[in-house]
Amino acid sequence: CNQHGADLAGQYEGYFKGSVLKTEGGVNNLSDQYAKDEYAQELYKQVQPYYENFDLKDLTGIVKGVANGTIFSMLFEGESGTGKSTAARVIASRCGIPFVAINCSTNIEESDIFGTMIPNPKKSSADDAEFIWQDGPLTKAIRYGYVGIIEELGFGRPGILGKINSLLDESRQIDLPNGEVLKAHPNFRLIATTNIGYEGTNRLNKALVNRFEICKKFVDLDEKEAKAIIMSRTGYSNVDKITKILDIYRAIKKYSDEQNLGLVISIRQLLNIFK
């Protein structure tokens, strides 16, 4: 296993100030490393909805590996609605690390993920630079030690995948368009999700896939997991009605699969119903 990064135990007290978190194998021994990180404080607001009512099951080992630095990168593959995205967020939060989530699409540019040059808002004289560099969300995660979650990596353009490939190398660094060679913060971790075969996605290069330390296949959520996600994400608590809707959902999904209809039916549609 990769030994990149220090043990995260005792590094995030300020970031989680005022929150109540469970301890996973002692990894949430918190400190004030992120006490003055305002961006991290904002990111934390995303964590709590994904933290409660989620059974880690076989993810416990991954959580411990991510927390102590023996696991740097993970690739989660599975159909829509199988819990890939939720698992990524839960892993980050159980380790006590802020996370940044980026949704790939066919229209997303490298600049949307890594950053770009922008007009200098503080320019006040001819000596001041006309343009300055602005970090993109993943670059911020790399620089400041957050978990970078890249949704549907298969939608990524070649330039984006190339930089991800470089980041997964032993050097753990990327070349930014402004000329900076950015080496990943010791606490940075990368989790990517993909749905192989989903319309519009590209099959990931084997060389890229092989660079991920953990590759995990996700299958459909069981009833207990689906109920937990619905209740924690929507606040809806009528278990009987949730059960009835889940029965309908599974019947439609089964019929679609048997008839090869190609319908994308996932937990996301259920969340919209209960919201």
# chains A, B, ... in the order shown; residues from 1 in each chain; ligands from 1
>>> residues_around(residues="Tyr144 in chain A", least_positions_apart="5", cutoff="12 Å", atoms="only C-alpha atoms", output="PDB file with C-alpha atoms, in the first residue's frame")
ATOM      1  CA  GLN A  33      -5.347  22.492  11.672  1.00  0.00           C
ATOM      2  CA  TYR A  34      -8.306  23.908   9.728  1.00  0.00           C
ATOM      3  CA  ASP A  37      -9.653  27.769   6.859  1.00  0.00           C
ATOM      4  CA  GLU A  38     -12.907  29.527   5.946  1.00  0.00           C
ATOM      5  CA  TYR A  39     -13.299  27.526   2.749  1.00  0.00           C
ATOM      6  CA  ALA A  40     -13.067  24.282   4.736  1.00  0.00           C
ATOM      7  CA  ILE A  97     -11.571  15.450   6.027  1.00  0.00           C
ATOM      8  CA  PRO A  98     -13.272  18.225   4.024  1.00  0.00           C
ATOM      9  CA  PHE A  99     -14.310  17.150   0.533  1.00  0.00           C
ATOM     10  CA  VAL A 100     -14.771  18.893  -2.802  1.00  0.00           C
ATOM     11  CA  ASP A 135      -7.544  27.685  -8.406  1.00  0.00           C
ATOM     12  CA  PRO A 137     -12.069  23.132  -7.040  1.00  0.00           C
ATOM     13  CA  LEU A 138      -9.797  20.107  -7.492  1.00  0.00           C
ATOM     14  CA  THR A 139      -6.677  22.281  -7.364  1.00  0.00           C
ATOM     15  CA  LEU A 182       1.712  21.653  -7.718  1.00  0.00           C
ATOM     16  CA  LYS A 183       2.593  18.777  -5.418  1.00  0.00           C
ATOM     17  CA  ALA A 184      -0.342  17.307  -3.509  1.00  0.00           C
ATOM     18  CA  HIS A 185      -0.782  18.202   0.139  1.00  0.00           C
ATOM     19  CA  PRO A 186      -0.020  15.154   2.364  1.00  0.00           C
ATOM     20  CA  ASN A 187      -3.698  14.956   3.363  1.00  0.00           C
ATOM     21  CA  PHE A 188      -5.111  15.063  -0.169  1.00  0.00           C
ATOM     22  CA  ARG A 189      -7.047  11.981  -1.295  1.00  0.00           C
TER      23      ARG A 189
END
>>> select_by_dssp(residues="range 146-219 of chain A", states="strand (DSSP E)", output="number ranges by chain")
A: 147-151, 173-175, 181-183, 189-194, 214-218
>>> atom_distance(atom1="CA of Asp240 in chain A", atom2="CA of Ser85 in chain A")
26.1 Å
>>> closest_residue(among="A:Thr70, A:Ser105, A:Ser93, A:Ser232", to="Val147 in chain A", atoms="only C-alpha atoms")
A:Ser93
>>> closest_atom_pairs(of="range 198-242 of chain A", to="range 251-275 of chain A", cutoff="12 Å", atoms="only C-alpha atoms", output="CSV")
residue,atom,partner,partner_atom,distance
A:Tyr198,CA,A:Val264,CA,9.1
A:Glu199,CA,A:Gly262,CA,9.8
A:Val219,CA,A:Ser266,CA,11.7
A:Asp220,CA,A:Ser266,CA,8.9
A:Leu221,CA,A:Ile267,CA,8.6
A:Asp222,CA,A:Ile267,CA,11.1
A:Glu223,CA,A:Ile267,CA,11.0
A:Glu225,CA,A:Ile267,CA,10.5
A:Ala226,CA,A:Ile267,CA,7.3
A:Lys227,CA,A:Ile267,CA,9.9
A:Ala228,CA,A:Leu271,CA,11.4
A:Ile229,CA,A:Leu271,CA,8.6
A:Ile230,CA,A:Leu271,CA,6.0
A:Met231,CA,A:Phe274,CA,8.8
A:Ser232,CA,A:Leu271,CA,10.2
A:Arg233,CA,A:Leu271,CA,7.5
A:Thr234,CA,A:Lys275,CA,5.7
A:Gly235,CA,A:Lys275,CA,8.2
A:Tyr236,CA,A:Phe274,CA,6.5
A:Ser237,CA,A:Phe274,CA,9.7
A:Asn238,CA,A:Phe274,CA,10.1
A:Val239,CA,A:Phe274,CA,11.6
A:Lys241,CA,A:Phe274,CA,9.8
A:Ile242,CA,A:Phe274,CA,8.4
>>> select_by_dssp(residues="range 84-265 of chain A", states="helix (DSSP H, G or I)", output="tab-separated table (two decimals) with C-alpha atoms, in the first residue's frame")
chain	number	residue	atom	x	y	z
A	84	LYS	CA	-20.97	5.40	-5.19
A	85	SER	CA	-21.28	9.13	-4.57
A	86	THR	CA	-22.70	8.71	-1.08
A	87	ALA	CA	-19.93	6.26	-0.14
A	88	ALA	CA	-17.26	8.71	-1.31
A	89	ARG	CA	-18.69	11.47	0.87
A	90	VAL	CA	-19.15	9.18	3.86
A	91	ILE	CA	-15.54	7.99	3.62
A	92	ALA	CA	-14.30	11.59	3.63
A	93	SER	CA	-16.51	12.61	6.55
A	94	ARG	CA	-15.75	9.52	8.64
A	110	GLU	CA	-10.05	21.67	-17.72
A	111	SER	CA	-10.37	25.20	-16.38
A	112	ASP	CA	-13.60	24.27	-14.58
A	113	ILE	CA	-11.72	21.65	-12.58
A	114	PHE	CA	-8.15	22.90	-12.30
A	137	PRO	CA	-12.07	23.13	-7.04
A	138	LEU	CA	-9.80	20.11	-7.49
A	139	THR	CA	-6.68	22.28	-7.36
A	140	LYS	CA	-7.88	23.70	-4.04
A	141	ALA	CA	-8.31	20.17	-2.72
A	142	ILE	CA	-4.82	19.22	-3.90
A	143	ARG	CA	-3.26	22.38	-2.46
A	144	TYR	CA	-4.98	22.45	0.94
A	153	LEU	CA	-14.83	10.35	-14.55
A	154	GLY	CA	-15.80	8.59	-17.79
A	155	PHE	CA	-17.20	11.89	-19.10
A	158	PRO	CA	-8.50	13.59	-22.63
A	159	GLY	CA	-6.81	16.67	-21.13
A	160	ILE	CA	-8.62	16.17	-17.82
A	161	LEU	CA	-7.85	12.45	-17.73
A	162	GLY	CA	-4.22	13.20	-18.53
A	163	LYS	CA	-3.85	15.45	-15.50
A	164	ILE	CA	-5.61	12.89	-13.30
A	165	ASN	CA	-3.21	10.27	-14.61
A	166	SER	CA	-0.27	12.48	-13.61
A	167	LEU	CA	-1.77	13.08	-10.17
A	206	LYS	CA	-6.64	0.55	-18.47
A	207	ALA	CA	-3.41	2.33	-17.61
A	208	LEU	CA	-5.40	5.03	-15.80
A	209	VAL	CA	-7.61	2.51	-13.99
A	210	ASN	CA	-4.56	0.54	-12.86
A	211	ARG	CA	-3.12	3.64	-11.17
A	223	GLU	CA	-33.64	-1.95	1.21
A	224	LYS	CA	-32.07	-0.96	4.54
A	225	GLU	CA	-29.45	1.23	2.85
A	226	ALA	CA	-32.01	2.85	0.53
A	227	LYS	CA	-34.30	3.71	3.46
A	228	ALA	CA	-31.40	5.17	5.43
A	229	ILE	CA	-30.33	7.40	2.53
A	230	ILE	CA	-33.89	8.59	1.85
A	231	MET	CA	-34.51	9.48	5.49
A	232	SER	CA	-31.13	11.15	6.05
A	233	ARG	CA	-31.20	13.14	2.80
A	234	THR	CA	-34.86	14.23	2.81
A	239	VAL	CA	-41.19	4.04	6.92
A	240	ASP	CA	-44.35	2.35	5.57
A	241	LYS	CA	-44.68	4.80	2.67
A	242	ILE	CA	-40.96	4.61	1.94
A	243	THR	CA	-41.25	0.81	1.78
A	244	LYS	CA	-44.19	0.97	-0.67
A	245	ILE	CA	-42.37	3.40	-2.96
A	246	LEU	CA	-39.26	1.22	-2.85
A	247	ASP	CA	-41.32	-1.80	-3.90
A	248	ILE	CA	-42.62	0.13	-6.92
A	249	TYR	CA	-39.13	1.38	-7.73
A	250	ARG	CA	-37.68	-2.13	-7.70
A	251	ALA	CA	-40.54	-3.52	-9.82
A	252	ILE	CA	-40.02	-0.84	-12.49
A	253	LYS	CA	-36.25	-1.37	-12.44
A	254	LYS	CA	-36.65	-5.13	-12.76
A	255	TYR	CA	-39.07	-4.77	-15.69
A	256	SER	CA	-36.72	-2.34	-17.43
A	257	ASP	CA	-33.79	-4.74	-17.04
A	258	GLU	CA	-35.80	-7.75	-18.25
>>> atom_distance(atom1="CA of Gly115 in chain A", atom2="CA of Gln134 in chain A")
5.5 Å
>>> residues_around(residues="Glu213 in chain A", least_positions_apart="6", cutoff="12 Å", atoms="only C-alpha atoms", output="number ranges by chain")
A: 1-4, 62, 65-66, 69-76, 168-170, 189-192
>>> atom_distance(atom1="CA of Arg157 in chain A", atom2="CA of Cys104 in chain A")
9.0 Å
>>> closest_residue(among="A:Glu77, A:Asn120, A:Phe212, A:Glu152", to="Thr106 in chain A", atoms="only C-alpha atoms")
A:Glu152
>>> decode(residues="range 156-263 of chain A", atoms="C-alpha atoms", output="CSV table (one decimal), in the first residue's frame")
chain,number,residue,atom,x,y,z
A,156,GLY,CA,-13.8,13.5,-18.7
A,157,ARG,CA,-12.0,14.9,-21.8
A,158,PRO,CA,-8.5,13.6,-22.6
A,159,GLY,CA,-6.8,16.7,-21.1
A,160,ILE,CA,-8.6,16.2,-17.8
A,161,LEU,CA,-7.8,12.4,-17.7
A,162,GLY,CA,-4.2,13.2,-18.5
A,163,LYS,CA,-3.8,15.4,-15.5
A,164,ILE,CA,-5.6,12.9,-13.3
A,165,ASN,CA,-3.2,10.3,-14.6
A,166,SER,CA,-0.3,12.5,-13.6
A,167,LEU,CA,-1.8,13.1,-10.2
A,168,LEU,CA,-2.0,9.3,-9.6
A,169,ASP,CA,1.7,8.9,-10.3
A,170,GLU,CA,4.1,8.4,-7.4
A,171,SER,CA,5.1,12.1,-7.7
A,172,ARG,CA,1.5,13.1,-6.7
A,173,GLN,CA,1.8,16.4,-8.7
A,174,ILE,CA,0.2,18.2,-11.6
A,175,ASP,CA,1.4,20.9,-14.0
A,176,LEU,CA,-0.9,23.9,-13.9
A,177,PRO,CA,-1.4,26.2,-17.0
A,178,ASN,CA,0.2,29.1,-15.1
A,179,GLY,CA,3.5,27.2,-15.0
A,180,GLU,CA,3.2,26.0,-11.4
A,181,VAL,CA,4.1,22.4,-10.6
A,182,LEU,CA,1.7,21.7,-7.7
A,183,LYS,CA,2.6,18.8,-5.4
A,184,ALA,CA,-0.3,17.3,-3.5
A,185,HIS,CA,-0.8,18.2,0.1
A,186,PRO,CA,0.0,15.2,2.4
A,187,ASN,CA,-3.7,15.0,3.4
A,188,PHE,CA,-5.1,15.1,-0.2
A,189,ARG,CA,-7.0,12.0,-1.3
A,190,LEU,CA,-8.8,11.3,-4.6
A,191,ILE,CA,-12.0,9.4,-5.1
A,192,ALA,CA,-13.5,9.0,-8.6
A,193,THR,CA,-16.8,7.4,-9.7
A,194,THR,CA,-17.8,6.1,-13.0
A,195,ASN,CA,-20.6,4.2,-14.7
A,196,ILE,CA,-19.0,2.1,-17.4
A,197,GLY,CA,-21.4,1.8,-20.4
A,198,TYR,CA,-23.5,4.8,-19.4
A,199,GLU,CA,-24.6,6.8,-22.5
A,200,GLY,CA,-22.1,9.5,-23.2
A,201,THR,CA,-19.2,8.1,-21.1
A,202,ASN,CA,-15.9,6.9,-22.4
A,203,ARG,CA,-14.3,3.6,-21.3
A,204,LEU,CA,-11.4,4.5,-19.1
A,205,ASN,CA,-7.9,3.7,-20.2
A,206,LYS,CA,-6.6,0.6,-18.5
A,207,ALA,CA,-3.4,2.3,-17.6
A,208,LEU,CA,-5.4,5.0,-15.8
A,209,VAL,CA,-7.6,2.5,-14.0
A,210,ASN,CA,-4.6,0.5,-12.9
A,211,ARG,CA,-3.1,3.6,-11.2
A,212,PHE,CA,-6.0,3.7,-8.7
A,213,GLU,CA,-5.0,1.9,-5.5
A,214,ILE,CA,-8.6,0.7,-4.8
A,215,CYS,CA,-11.1,-0.2,-7.5
A,216,LYS,CA,-14.5,-1.2,-6.1
A,217,LYS,CA,-17.6,-2.4,-7.9
A,218,PHE,CA,-20.9,-1.2,-6.4
A,219,VAL,CA,-24.2,-3.0,-6.8
A,220,ASP,CA,-27.8,-1.9,-6.2
A,221,LEU,CA,-28.5,-0.7,-2.6
A,222,ASP,CA,-30.4,-3.1,-0.4
A,223,GLU,CA,-33.6,-1.9,1.2
A,224,LYS,CA,-32.1,-1.0,4.5
A,225,GLU,CA,-29.4,1.2,2.8
A,226,ALA,CA,-32.0,2.8,0.5
A,227,LYS,CA,-34.3,3.7,3.5
A,228,ALA,CA,-31.4,5.2,5.4
A,229,ILE,CA,-30.3,7.4,2.5
A,230,ILE,CA,-33.9,8.6,1.8
A,231,MET,CA,-34.5,9.5,5.5
A,232,SER,CA,-31.1,11.2,6.1
A,233,ARG,CA,-31.2,13.1,2.8
A,234,THR,CA,-34.9,14.2,2.8
A,235,GLY,CA,-36.0,14.2,6.4
A,236,TYR,CA,-39.0,12.0,5.4
A,237,SER,CA,-39.6,9.4,8.2
A,238,ASN,CA,-42.8,7.5,7.3
A,239,VAL,CA,-41.2,4.0,6.9
A,240,ASP,CA,-44.3,2.4,5.6
A,241,LYS,CA,-44.7,4.8,2.7
A,242,ILE,CA,-41.0,4.6,1.9
A,243,THR,CA,-41.2,0.8,1.8
A,244,LYS,CA,-44.2,1.0,-0.7
A,245,ILE,CA,-42.4,3.4,-3.0
A,246,LEU,CA,-39.3,1.2,-2.8
A,247,ASP,CA,-41.3,-1.8,-3.9
A,248,ILE,CA,-42.6,0.1,-6.9
A,249,TYR,CA,-39.1,1.4,-7.7
A,250,ARG,CA,-37.7,-2.1,-7.7
A,251,ALA,CA,-40.5,-3.5,-9.8
A,252,ILE,CA,-40.0,-0.8,-12.5
A,253,LYS,CA,-36.3,-1.4,-12.4
A,254,LYS,CA,-36.7,-5.1,-12.8
A,255,TYR,CA,-39.1,-4.8,-15.7
A,256,SER,CA,-36.7,-2.3,-17.4
A,257,ASP,CA,-33.8,-4.7,-17.0
A,258,GLU,CA,-35.8,-7.8,-18.3
A,259,GLN,CA,-37.1,-5.9,-21.3
A,260,ASN,CA,-33.7,-4.2,-22.1
A,261,LEU,CA,-35.5,-0.8,-22.0
A,262,GLY,CA,-32.3,1.0,-20.9
A,263,LEU,CA,-34.1,3.2,-18.4
